[in-house]
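The file protein06.txt comes next; it holds compact mmCIF, C-alpha atoms.
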# COMPACT_ATOMS: atom_id res chain seq x y z
CA MET A 1 0.00 0.00 0.00
CA GLU A 2 1.26 3.49 -0.88
CA GLY A 3 3.01 5.20 2.00
CA ARG A 4 2.38 2.37 4.43
CA GLU A 5 5.94 2.23 5.72
CA PHE A 6 6.26 5.99 6.10
CA ASP A 7 2.90 6.13 7.84
CA ALA A 8 4.03 3.49 10.34
CA GLN A 9 7.38 5.18 10.91
CA VAL A 10 5.71 8.51 11.69
CA VAL A 11 2.85 7.24 13.79
CA LEU A 12 5.06 4.82 15.71
CA SER A 13 7.78 7.38 16.38
CA PRO A 14 9.14 6.91 19.91
CA LYS A 15 8.84 10.09 21.94
CA ASP A 16 12.58 10.16 22.53
CA SER A 17 13.46 9.94 18.82
CA PRO A 18 14.47 13.14 16.96
CA LEU A 19 11.12 13.21 15.16
CA GLY A 20 9.19 12.16 18.29
CA GLN A 21 10.61 15.06 20.26
CA VAL A 22 9.25 17.52 17.70
CA LEU A 23 5.95 15.68 17.31
CA ASP A 24 5.51 15.94 21.07
CA ARG A 25 5.17 19.70 20.68
CA TYR A 26 2.26 19.22 18.31
CA VAL A 27 -1.26 17.95 18.64
CA CYS A 28 -1.06 15.02 16.25
CA VAL A 29 -4.19 13.73 14.60
CA ARG A 30 -4.56 11.01 12.02
CA VAL A 31 -7.72 10.99 9.92
CA VAL A 32 -8.52 7.92 7.85
CA ARG A 33 -12.06 8.74 6.70
CA MET A 34 -12.65 11.64 4.35
CA ASP A 35 -16.45 11.73 4.87
CA ASP A 36 -16.53 14.95 6.92
CA VAL A 37 -13.29 16.57 5.81
CA ASN A 38 -13.43 20.18 4.63
CA ILE A 39 -12.01 19.55 1.17
CA GLY A 40 -12.17 23.25 0.40
CA LEU A 41 -9.72 24.03 3.19
CA PHE A 42 -7.64 20.89 2.79
CA ASP A 43 -7.43 21.08 -0.97
CA ARG A 44 -4.73 18.87 -2.48
CA ASP A 45 -3.97 16.38 -5.19
CA TRP A 46 -6.27 13.54 -4.12
CA ASN A 47 -4.10 10.85 -5.65
CA ASN A 48 -1.85 10.96 -2.59
CA ALA A 49 -2.69 8.20 -0.11
CA ILE A 50 -0.78 9.97 2.67
CA TYR A 51 -0.61 13.72 3.17
CA PHE A 52 0.01 16.06 6.09
CA PHE A 53 -1.01 19.60 6.99
CA VAL A 54 0.53 21.79 9.68
CA LEU A 55 -1.95 24.31 11.01
CA ASN A 56 -3.21 26.10 14.10
CA ALA A 57 -6.43 25.96 16.11
CA ASP A 58 -7.88 28.70 13.89
CA GLU A 59 -7.35 26.37 10.92
CA GLN A 60 -4.71 28.58 9.38
CA ILE A 61 -2.52 26.26 7.33
CA TYR A 62 1.21 26.83 7.76
CA MET A 63 2.45 24.18 5.37
CA ARG A 64 1.80 20.88 3.65
CA TYR A 65 3.92 17.78 3.73
CA GLY A 66 3.60 14.98 1.21
CA GLY A 67 3.19 14.79 -2.51
CA ARG A 68 4.53 12.27 -4.95
CA GLU A 69 5.93 11.83 -8.42
CA SER A 70 4.57 9.43 -11.05
CA GLU A 71 7.47 7.04 -10.58
CA SER A 72 6.93 6.43 -6.87
CA PRO A 73 4.64 7.55 -4.04
CA ASP A 74 7.54 7.64 -1.59
CA THR A 75 10.27 9.66 -3.33
CA TYR A 76 9.72 12.78 -1.26
CA ASN A 77 8.79 11.24 2.09
CA SER A 78 11.57 11.32 4.66
CA LEU A 79 11.58 11.36 8.45
CA ASP A 80 14.42 13.90 8.39
CA SER A 81 12.67 16.33 6.09
CA LEU A 82 9.43 15.95 8.05
CA ARG A 83 11.30 16.84 11.24
CA ILE A 84 12.85 19.90 9.56
CA ALA A 85 9.43 20.97 8.30
CA LEU A 86 7.86 20.55 11.73
CA GLU A 87 10.61 22.63 13.35
CA GLN A 88 9.83 25.37 10.82
CA GLY A 89 6.16 24.90 11.68
CA LEU A 90 6.92 25.58 15.34
CA ALA A 91 8.65 28.84 14.38
CA LEU A 92 5.63 29.90 12.32
CA HIS A 93 3.35 28.97 15.20
CA GLN A 94 5.35 31.16 17.53
CA LYS A 95 4.75 34.08 15.17
CA TYR A 96 1.05 33.22 15.16
CA LEU A 97 0.94 33.26 18.96
CA GLN A 98 2.73 36.61 18.95
CA GLY A 99 0.27 37.97 16.39
CA THR A 100 2.95 38.65 13.77
CA LEU A 101 2.00 35.94 11.27
CA PRO A 102 0.12 37.40 8.29
CA LYS A 103 -3.41 36.02 8.03
CA GLU A 104 -4.54 34.39 4.82
CA ALA A 105 -7.92 34.37 3.14
CA ARG A 106 -9.77 31.24 4.08
CA PRO A 107 -11.01 29.07 1.20
CA LYS A 108 -14.71 28.42 0.92
CA PRO A 109 -15.65 25.32 2.93
CA ARG A 110 -16.64 22.30 0.88
CA PHE A 111 -17.54 18.80 1.96
CA PRO A 112 -17.80 15.43 0.19
CA ARG A 113 -21.51 15.26 1.07
CA GLU A 114 -22.06 18.29 -1.17
CA MET A 115 -20.92 16.35 -4.24
CA PRO A 116 -23.97 14.48 -5.56
CA LEU A 117 -22.02 12.11 -7.80
CA LEU A 118 -19.67 11.19 -4.96
CA VAL A 119 -22.59 10.72 -2.56
CA ALA A 120 -24.31 8.36 -5.00
CA ARG A 121 -21.19 6.19 -5.33
CA THR A 122 -20.06 6.18 -1.70
CA PHE A 123 -22.37 7.36 1.11
CA ALA A 124 -25.48 5.97 -0.56
CA GLN A 125 -23.83 2.57 -0.94
CA GLY A 126 -22.25 2.56 2.49
CA GLN A 127 -18.79 2.73 0.94
CA CYS A 128 -15.75 4.64 2.08
CA VAL A 129 -14.98 8.05 0.57
CA GLU A 130 -11.50 7.21 -0.64
CA CYS A 131 -9.16 10.12 -1.35
CA HIS A 132 -8.81 9.43 -5.06
CA LEU A 133 -12.60 9.26 -5.45
CA ILE A 134 -12.87 12.89 -4.33
CA GLY A 135 -10.49 14.00 -7.09
CA ASP A 136 -12.09 11.76 -9.66
CA PHE A 137 -15.64 12.92 -8.99
CA GLN A 138 -14.53 16.54 -8.94
CA ASN A 139 -13.27 15.98 -12.48
CA ILE A 140 -16.35 14.09 -13.63
CA GLN A 141 -18.47 17.00 -12.40
CA ARG A 142 -16.20 19.49 -14.19
CA GLU A 143 -16.53 17.48 -17.40
CA ARG A 144 -20.32 17.43 -17.09
CA ASP A 145 -20.34 21.16 -16.43
CA GLY A 146 -18.10 21.76 -19.44
CA VAL A 147 -15.32 23.33 -17.37
CA LEU A 148 -12.82 20.45 -17.27
CA ASP A 149 -9.37 21.75 -18.19
CA LYS A 150 -7.32 18.60 -18.73
CA LEU A 151 -4.00 20.41 -18.56
CA THR A 152 -4.85 21.51 -15.04
CA ASP A 153 -7.34 18.96 -13.75
CA LEU A 154 -6.02 15.74 -15.30
CA TYR A 155 -2.31 16.53 -15.48
CA ARG A 156 -2.11 17.54 -11.81
CA SER A 157 1.05 18.12 -9.80
CA PRO A 158 3.69 18.86 -12.45
CA ASP A 159 7.03 17.14 -11.88
CA ILE A 160 9.83 19.45 -10.72
CA LYS A 161 12.34 17.10 -12.35
CA THR A 162 10.96 18.11 -15.76
CA ILE A 163 12.42 21.58 -15.23
CA GLY A 164 15.58 20.11 -13.73
CA ILE A 165 15.10 20.30 -9.95
CA PHE A 166 16.49 17.34 -8.04
CA LEU A 167 16.18 17.76 -4.29
CA ASP A 168 18.35 16.50 -1.49
CA VAL A 169 15.19 14.97 -0.02
CA PRO A 170 16.24 14.47 3.64
CA LYS A 171 17.25 18.14 3.73
CA GLY A 172 13.85 19.39 2.59
CA LEU A 173 14.04 21.98 -0.17
CA VAL A 174 17.81 21.99 -0.55
CA VAL A 175 18.78 21.44 -4.20
CA LYS A 176 21.02 18.46 -4.86
CA GLU A 177 21.29 18.89 -8.59
CA ALA A 178 20.07 21.52 -11.05
CA LYS A 179 19.63 20.71 -14.73
CA GLY A 180 17.82 22.03 -17.79
CA ALA A 181 15.53 25.03 -17.35
CA VAL A 182 16.41 25.80 -13.73
CA ALA A 183 20.15 25.43 -14.35
CA ALA A 184 19.81 27.90 -17.23
CA ALA A 185 18.04 30.27 -14.81
CA GLY A 186 20.94 30.05 -12.37
CA LEU A 187 19.83 27.46 -9.78
CA LYS A 188 22.76 25.66 -8.18
CA PRO A 189 23.30 22.68 -5.88
CA GLY A 190 23.08 23.78 -2.25
CA ASP A 191 20.47 26.47 -2.92
CA ARG A 192 17.38 26.21 -0.75
CA ILE A 193 14.03 26.96 -2.36
CA ILE A 194 12.06 29.43 -0.25
CA SER A 195 9.30 30.68 -2.53
CA TRP A 196 7.39 29.62 -5.63
CA ASN A 197 5.92 32.37 -7.79
CA GLY A 198 6.19 34.71 -4.82
CA VAL A 199 4.51 32.43 -2.26
CA PRO A 200 6.66 31.17 0.64
CA VAL A 201 7.24 27.41 0.59
CA TRP A 202 8.66 25.17 3.32
CA THR A 203 8.32 21.66 1.95
CA PHE A 204 8.13 19.68 -1.25
CA GLY A 205 4.38 19.43 -0.56
CA ASP A 206 4.17 23.24 -0.64
CA VAL A 207 6.20 23.43 -3.84
CA GLN A 208 4.11 20.82 -5.61
CA TYR A 209 0.86 22.45 -4.49
CA ARG A 210 1.97 25.89 -5.66
CA TYR A 211 3.36 24.50 -8.92
CA ASP A 212 0.01 22.83 -9.52
CA LYS A 213 -1.65 26.25 -9.27
CA VAL A 214 0.48 27.72 -12.07
CA ASP A 215 -1.48 28.47 -15.24
CA ARG A 216 -0.57 25.74 -17.72
CA ARG A 217 -0.16 28.38 -20.44
CA ALA A 218 2.48 30.21 -18.37
CA LYS A 219 5.85 30.67 -20.03
CA THR A 220 7.86 31.45 -16.90
CA ILE A 221 7.80 30.96 -13.14
CA LYS A 222 9.70 32.71 -10.39
CA ILE A 223 11.59 30.62 -7.85
CA GLY A 224 12.95 32.26 -4.71
CA ILE A 225 16.06 30.73 -3.20
CA ASP A 226 18.31 31.16 -0.21
CA ARG A 227 21.94 30.98 -1.28
CA SER A 228 24.29 31.18 1.70
CA GLY A 229 21.82 33.38 3.55
CA GLN A 230 21.19 35.64 0.56
CA PRO A 231 17.65 35.66 -0.91
CA ILE A 232 17.63 35.54 -4.71
CA GLU A 233 14.73 35.31 -7.15
CA LEU A 234 15.21 33.36 -10.37
CA THR A 235 13.02 33.55 -13.46
CA VAL A 236 12.69 30.14 -15.06
CA GLU A 237 11.69 29.74 -18.71
CA LEU A 238 9.27 26.82 -18.75
CA PRO A 239 9.90 24.18 -21.44
CA PRO A 240 7.10 22.83 -23.67
CA ARG A 241 4.78 20.42 -21.83
CA TRP A 242 6.30 21.28 -18.45
CA TRP A 243 2.94 20.23 -16.97
CA TRP A 244 3.00 16.73 -18.45
CA THR A 245 3.18 13.78 -16.04
CA ASP A 246 2.75 10.07 -16.43
CA LEU A 247 -0.89 9.38 -15.60
CA ARG A 248 -0.56 5.64 -15.09
CA PHE A 249 -0.74 5.78 -11.31
CA ARG A 250 -3.87 7.91 -11.34
CA GLN A 251 -7.34 6.45 -11.11
CA SER A 252 -9.09 8.97 -13.26
CA SER A 253 -12.23 8.20 -15.18
CA VAL A 254 -12.12 11.39 -17.28
CA GLU A 255 -8.93 10.11 -18.86
CA PRO A 256 -9.57 8.38 -22.21
CA ARG A 257 -7.82 5.04 -21.84
CA THR A 258 -6.02 4.16 -25.06
CA ASP A 259 -4.30 0.87 -24.21
CA PHE A 260 -1.06 1.89 -25.86
CA GLU A 261 2.02 3.98 -25.20
CA ASP A 262 4.14 5.74 -27.76
CA ARG A 263 7.20 7.88 -28.24
CA PRO A 264 7.61 10.94 -30.43
CA LEU A 265 9.42 10.37 -33.71
CA THR A 266 12.72 12.18 -34.16
CA ALA A 267 13.11 14.85 -36.83
CA ASP A 268 15.09 12.37 -38.96
CA GLU A 269 12.44 9.68 -38.65
CA LYS A 270 9.74 12.13 -39.69
CA GLN A 271 11.78 13.21 -42.69
CA GLN A 272 12.37 9.60 -43.78
CA LEU A 273 8.62 8.95 -43.67
CA SER A 274 7.77 12.28 -45.33
CA LEU A 275 5.82 13.42 -42.28
CA LYS A 276 5.35 17.02 -41.13
CA PRO A 277 8.37 18.20 -39.10
CA ASP A 278 6.11 19.88 -36.52
CA GLY A 279 3.61 17.00 -36.42
CA PHE A 280 2.91 14.73 -33.47
CA ALA A 281 3.70 11.50 -35.36
CA SER A 282 4.73 8.84 -32.88
CA GLN A 283 5.73 5.20 -32.71
CA VAL A 284 3.82 2.67 -30.65
CA LYS A 285 6.14 1.18 -28.02
CA TYR A 286 3.64 -0.73 -25.86
CA VAL A 287 0.24 -2.32 -26.32
CA ALA A 288 -1.74 -3.33 -23.22
CA PRO A 289 -2.33 -7.10 -22.92
CA MET A 290 -6.14 -6.86 -22.72
CA THR A 291 -6.50 -4.57 -25.73
CA LYS A 292 -8.03 -7.20 -28.00
CA VAL A 293 -10.44 -8.34 -25.30
CA ARG A 294 -11.60 -4.78 -24.80
CA GLY A 295 -11.63 -4.11 -28.54
CA THR A 296 -9.76 -0.84 -28.09
CA HIS A 297 -7.70 -1.03 -31.31
CA ASP A 298 -5.50 -3.24 -33.49
CA LEU A 299 -2.28 -1.30 -33.09
CA ARG A 300 1.02 -3.20 -32.93
CA VAL A 301 4.32 -2.27 -31.36
CA GLY A 302 6.36 -0.49 -34.05
CA ASP A 303 3.39 1.09 -35.81
CA VAL A 304 3.75 4.78 -36.58
CA ILE A 305 0.69 6.91 -35.95
CA ALA A 306 0.84 9.79 -38.40
CA ALA A 307 -2.50 11.46 -37.69
CA VAL A 308 -5.64 11.30 -35.56
CA ASN A 309 -8.91 12.04 -37.35
CA GLY A 310 -6.84 13.61 -40.13
CA VAL A 311 -5.00 15.96 -37.73
CA GLU A 312 -1.21 15.76 -37.89
CA SER A 313 -0.02 18.56 -35.62
CA ASP A 314 -1.06 20.37 -32.49
CA ALA A 315 0.24 23.21 -30.35
CA LEU A 316 0.30 21.07 -27.20
CA ALA A 317 0.62 17.41 -28.12
CA ASN A 318 3.91 15.86 -29.22
CA THR A 319 2.53 12.33 -29.62
CA ALA A 320 -0.69 10.77 -30.87
CA GLU A 321 -1.38 9.33 -27.43
CA LEU A 322 -1.21 12.76 -25.81
CA TYR A 323 -3.40 14.22 -28.56
CA LEU A 324 -6.04 11.54 -27.86
CA LYS A 325 -5.89 12.14 -24.11
CA LEU A 326 -6.19 15.90 -24.47
CA TYR A 327 -8.95 16.12 -27.06
CA LEU A 328 -11.09 13.00 -26.73
CA LYS A 329 -13.57 12.23 -23.99
CA ALA A 330 -13.25 8.84 -22.36
CA GLY A 331 -15.41 6.56 -24.49
CA ASP A 332 -14.90 8.50 -27.73
CA SER A 333 -13.62 6.80 -30.88
CA ALA A 334 -11.22 8.10 -33.52
CA ASN A 335 -9.53 7.09 -36.76
CA LEU A 336 -5.77 6.70 -36.78
CA ASP A 337 -3.59 7.08 -39.89
CA VAL A 338 -1.01 4.39 -39.32
CA ILE A 339 2.17 3.43 -41.14
CA ARG A 340 2.83 -0.29 -40.77
CA SER A 341 5.69 -1.97 -42.63
CA GLY A 342 5.85 0.98 -45.02
CA LYS A 343 2.13 0.87 -45.87
CA ARG A 344 -0.49 3.43 -44.86
CA ILE A 345 -3.58 1.99 -43.20
CA THR A 346 -6.46 3.40 -41.21
CA LEU A 347 -7.32 1.92 -37.83
CA ALA A 348 -10.10 2.77 -35.43
CA ILE A 349 -9.48 3.35 -31.75
CA HIS A 350 -12.25 3.11 -29.16
CA THR A 351 -11.18 4.75 -25.91
CA TYR A 352 -12.82 3.85 -22.65
CA ALA A 353 -13.21 5.20 -19.12
CA LEU A 354 -11.83 3.61 -16.00
CA ASN A 355 -14.72 2.12 -14.10
CA PHE A 356 -14.75 1.34 -10.44
CA ARG A 357 -17.25 1.08 -7.61
CA LYS A 358 -20.19 0.69 -9.94
CA MET B 1 13.28 -7.35 22.73
CA LEU B 2 12.70 -6.54 19.07
CA SER B 3 14.37 -3.48 17.68
CA ARG B 4 12.08 -0.81 16.27
CA ASP B 5 13.10 -1.67 12.73
CA GLU B 6 12.39 -5.35 13.29
CA TRP B 7 9.01 -4.49 14.76
CA LEU B 8 8.22 -2.25 11.78
CA GLN B 9 9.23 -5.03 9.44
CA ARG B 10 6.82 -7.38 11.17
CA PHE B 11 4.18 -4.65 11.28
CA ARG B 12 4.49 -4.39 7.49
CA THR B 13 4.00 -8.11 7.04
CA GLY B 14 0.66 -7.80 8.79
CA SER B 15 1.27 -10.20 11.66
CA LEU B 16 3.94 -10.20 14.27
CA THR B 17 3.38 -13.83 15.23
CA LYS B 18 3.27 -15.03 11.64
CA ALA B 19 6.48 -13.15 10.90
CA ALA B 20 8.20 -14.84 13.83
CA TYR B 21 7.41 -18.29 12.48
CA GLU B 22 8.74 -17.31 9.06
CA THR B 23 12.16 -16.54 10.52
CA PRO B 24 14.75 -19.09 9.31
CA THR B 25 16.20 -19.45 12.81
CA ILE B 26 13.03 -21.28 13.78
CA TYR B 27 14.73 -24.48 12.63
CA ALA B 28 17.62 -24.08 15.08
CA GLY B 29 15.68 -25.90 17.75
CA GLU B 30 12.50 -25.95 19.75
CA SER B 31 13.86 -23.58 22.37
CA MET B 32 14.51 -21.06 19.62
CA ILE B 33 10.94 -21.45 18.42
CA ARG B 34 9.66 -20.74 21.90
CA LEU B 35 11.96 -17.75 22.27
CA ILE B 36 10.87 -16.25 18.98
CA ALA B 37 7.22 -16.81 19.76
CA LEU B 38 7.65 -15.21 23.18
CA VAL B 39 9.43 -12.18 21.72
CA ALA B 40 6.78 -11.78 19.05
CA PHE B 41 4.06 -12.05 21.67
CA LEU B 42 5.68 -9.50 23.94
CA ALA B 43 6.72 -7.07 21.21
CA PRO B 44 3.62 -4.89 21.42
CA VAL B 45 4.11 -4.65 25.17
CA ALA B 46 7.74 -3.65 24.69
CA LEU B 47 6.69 -1.12 22.10
CA ALA B 48 4.11 0.36 24.42
CA GLN B 49 6.80 0.75 27.07
CA GLN B 50 8.88 2.61 24.49
CA GLN B 51 6.44 5.55 24.77
CA LEU B 52 5.24 6.35 21.33
CA THR B 53 3.95 9.70 20.15
CA ASP B 54 0.31 10.36 21.00
CA TRP B 55 -2.09 10.52 18.07
CA LEU B 56 -5.73 11.52 18.12
CA SER B 57 -8.21 10.30 15.55
CA ASP B 58 -10.80 13.07 15.88
CA TYR B 59 -10.04 16.32 14.08
CA ARG B 60 -12.52 18.37 16.15
CA GLU B 61 -10.89 17.07 19.31
CA ALA B 62 -7.48 18.06 17.91
CA LEU B 63 -8.72 21.61 17.34
CA ARG B 64 -10.00 21.74 20.91
CA VAL B 65 -6.75 20.44 22.40
CA ALA B 66 -4.68 22.76 20.22
CA LYS B 67 -6.69 25.77 21.40
CA GLU B 68 -6.38 24.69 25.01
CA THR B 69 -2.65 23.93 24.91
CA LYS B 70 -1.68 26.61 22.35
CA ARG B 71 0.10 23.95 20.32
CA PRO B 72 0.07 23.65 16.53
CA ILE B 73 -1.59 20.69 14.83
CA LEU B 74 -0.06 18.04 12.62
CA LEU B 75 -2.92 16.58 10.63
CA GLU B 76 -2.31 13.38 8.71
CA PHE B 77 -4.73 12.23 6.05
CA ARG B 78 -4.28 8.56 5.43
CA CYS B 79 -6.28 6.75 2.81
CA GLU B 80 -6.10 3.14 3.92
CA ALA B 81 -8.43 1.68 1.30
Spit out the file's structure as structure tokens when you get a sec.
Amino acid sequence: MEGREFDAQVVLSPKDSPLGQVLDRYVCVRVVRMDDVNIGLFDRDWNNAIYFFVLNADEQIYMRYGGRESESPDTYNSLDSLRIALEQGLALHQKYLQGTLPKEARPKPRFPREMPLLVARTFAQGQCVECHLIGDFQNIQRERDGVLDKLTDLYRSPDIKTIGIFLDVPKGLVVKEAKGAVAAAGLKPGDRIISWNGVPVWTFGDVQYRYDKVDRRAKTIKIGIDRSGQPIELTVELPPRWWWTDLRFRQSSVEPRTDFEDRPLTADEKQQLSLKPDGFASQVKYVAPMTKVRGTHDLRVGDVIAAVNGVESDALANTAELYLKLYLKAGDSANLDVIRSGKRITLAIHTYALNFRK
Amino acid sequence: MLSRDEWLQRFRTGSLTKAAYETPTIYAGESMIRLIALVAFLAPVALAQQQLTDWLSDYREALRVAKETKRPILLEFRCEA
């Protein structure tokens, strides 16, 4: 189970351990049922099975701890970084008690019982309101209301590694390695991230939450760092598809399931096949085992998908798979222009929605 | 007494007693079997004596205690399903 070990390590911390000594200065509460949780206040990416908030009795949130990457749910969980975060939380709390901590606008309260679709699938059937169900039904409702923005609502929690940030995880937000976009902006190993687009951040959870709030059409972000005690603000040029993440770990029924994975063709490969240089032509690299049973498509590994419904290029998508996920609804069908063994053929694809708890 | 890491390992397997019987040293002799079983049985007691951090399970109660004691709150959301 995701986060099980970390959960046990935190909850079973001996009082005399380094973490236990800090935890002892907190009121610790562990909530395992989401039924009555204020999901407006405790907004987060609901595909995290373990997540922490540090707050005060007035429900002012100081920081978040948690978050994951597609590759693993545990990459950013560390007893050391949690202890560091909680020590920072104590300092913020001291400011609160002294009346010097700036107050923040409180989000509108919202509860799972106010979501009719979620109620029908959980409360009404006597089933548990699992975290991921909250996120999924929020998206289903958005889709029904015509306001689903897949870049924001489906591709949640952009990966900081995509822009080149590799953290020294036990040390919190200290940078271990800087590559790509952030290296070009001047980020260096040893820098400590202290703000994200102007908002103070204390943990990876804060960073990921703030990054998730960045407009997906943004071209730059501002990252504040502490370099040897000196605050510096860097402007980072965001690369194309900086928001893209691998969706495989998500249980999202607004995602059109395609039963294949692909890779973008190189410029040379496109030229050899006389395909548009700026097109999203891609090569199939994986076909799901149950594809034929589900009747999704007849694609084979090695096929090149040159176009979807006659469309060859797109401002956002760099592969056919991404194009399908961005522009089709789960359950929609499309025609694929495919090159197989040098011959052009047309294949149909019938996407489907993930179903659960029906 | 089990170390904390050993206890966590057995906690992860879902059963302290079952874990004890899966230990290869069980075949070293009957006395070893008894020892392992005894340790596994007493582990929760030993752990309790280790004084673990206190955790509440009621958020409203946590707010009340935090107000009363002027302490901050660490709130963990754990989806166990």
Residues of chain B no more than 6 Å from chain A, counting all atoms listed in the file: send them over as number ranges by chain.
B: 51-53, 55-57, 63, 66-67, 71-79
Length of the CA of His350 in chain A to CA of Phe137 in chain A vector [Å]:
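Distance between the two atoms: 22.7 Å.
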What gap, in Å, lies between CA of Glu312 in chain A and CA of Gln251 in chain A?
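Going from CA of Glu312 in chain A over to CA of Gln251 in chain A covers 29.0 Å.
From CA of Ala181 in chain A back to CA of Ile232 in chain A, the distance works out to 16.6 Å.
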Find the spatial neighbours of range 110-118 of chain A, counting only C-alpha atoms, within a cut-off of 8 Å - ignore same-chain residues fewer than 2 positions away - and output them as number ranges by chain.
A: 34-41, 108, 120-123, 129, 133-134, 137-138, 141
Between A:Asp149, A:Asp43, A:Asp80, A:Glu143, which has the minimum distance to Pro109 in chain A (counting only C-alpha atoms)?
A:Asp43
Do a neighbour search on Ala334 in chain A at 9 Å with only C-alpha atoms, toss out local chain neighbours closer than 5 positions, and write the hits as a list in words.
Val308, Asn309, Leu324, Leu328, Leu347, Ala348, Ile349, His350 and Thr351 of chain A
Range 238-268 of chain A written out with C-alpha atoms as a compact mmCIF listing (two decimals), in the first residue's frame:
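See result-v2.txt below for the written result:
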# COMPACT_ATOMS: atom_id res chain seq x y z
CA LEU A 238 9.27 26.82 -18.75
CA PRO A 239 9.90 24.18 -21.44
CA PRO A 240 7.10 22.83 -23.67
CA ARG A 241 4.78 20.42 -21.83
CA TRP A 242 6.30 21.28 -18.45
CA TRP A 243 2.94 20.23 -16.97
CA TRP A 244 3.00 16.73 -18.45
CA THR A 245 3.18 13.78 -16.04
CA ASP A 246 2.75 10.07 -16.43
CA LEU A 247 -0.89 9.38 -15.60
CA ARG A 248 -0.56 5.64 -15.09
CA PHE A 249 -0.74 5.78 -11.31
CA ARG A 250 -3.87 7.91 -11.34
CA GLN A 251 -7.34 6.45 -11.11
CA SER A 252 -9.09 8.97 -13.26
CA SER A 253 -12.23 8.20 -15.18
CA VAL A 254 -12.12 11.39 -17.28
CA GLU A 255 -8.93 10.11 -18.86
CA PRO A 256 -9.57 8.38 -22.21
CA ARG A 257 -7.82 5.04 -21.84
CA THR A 258 -6.02 4.16 -25.06
CA ASP A 259 -4.30 0.87 -24.21
CA PHE A 260 -1.06 1.89 -25.86
CA GLU A 261 2.02 3.98 -25.20
CA ASP A 262 4.14 5.74 -27.76
CA ARG A 263 7.20 7.88 -28.24
CA PRO A 264 7.61 10.94 -30.43
CA LEU A 265 9.42 10.37 -33.71
CA THR A 266 12.72 12.18 -34.16
CA ALA A 267 13.11 14.85 -36.83
CA ASP A 268 15.09 12.37 -38.96
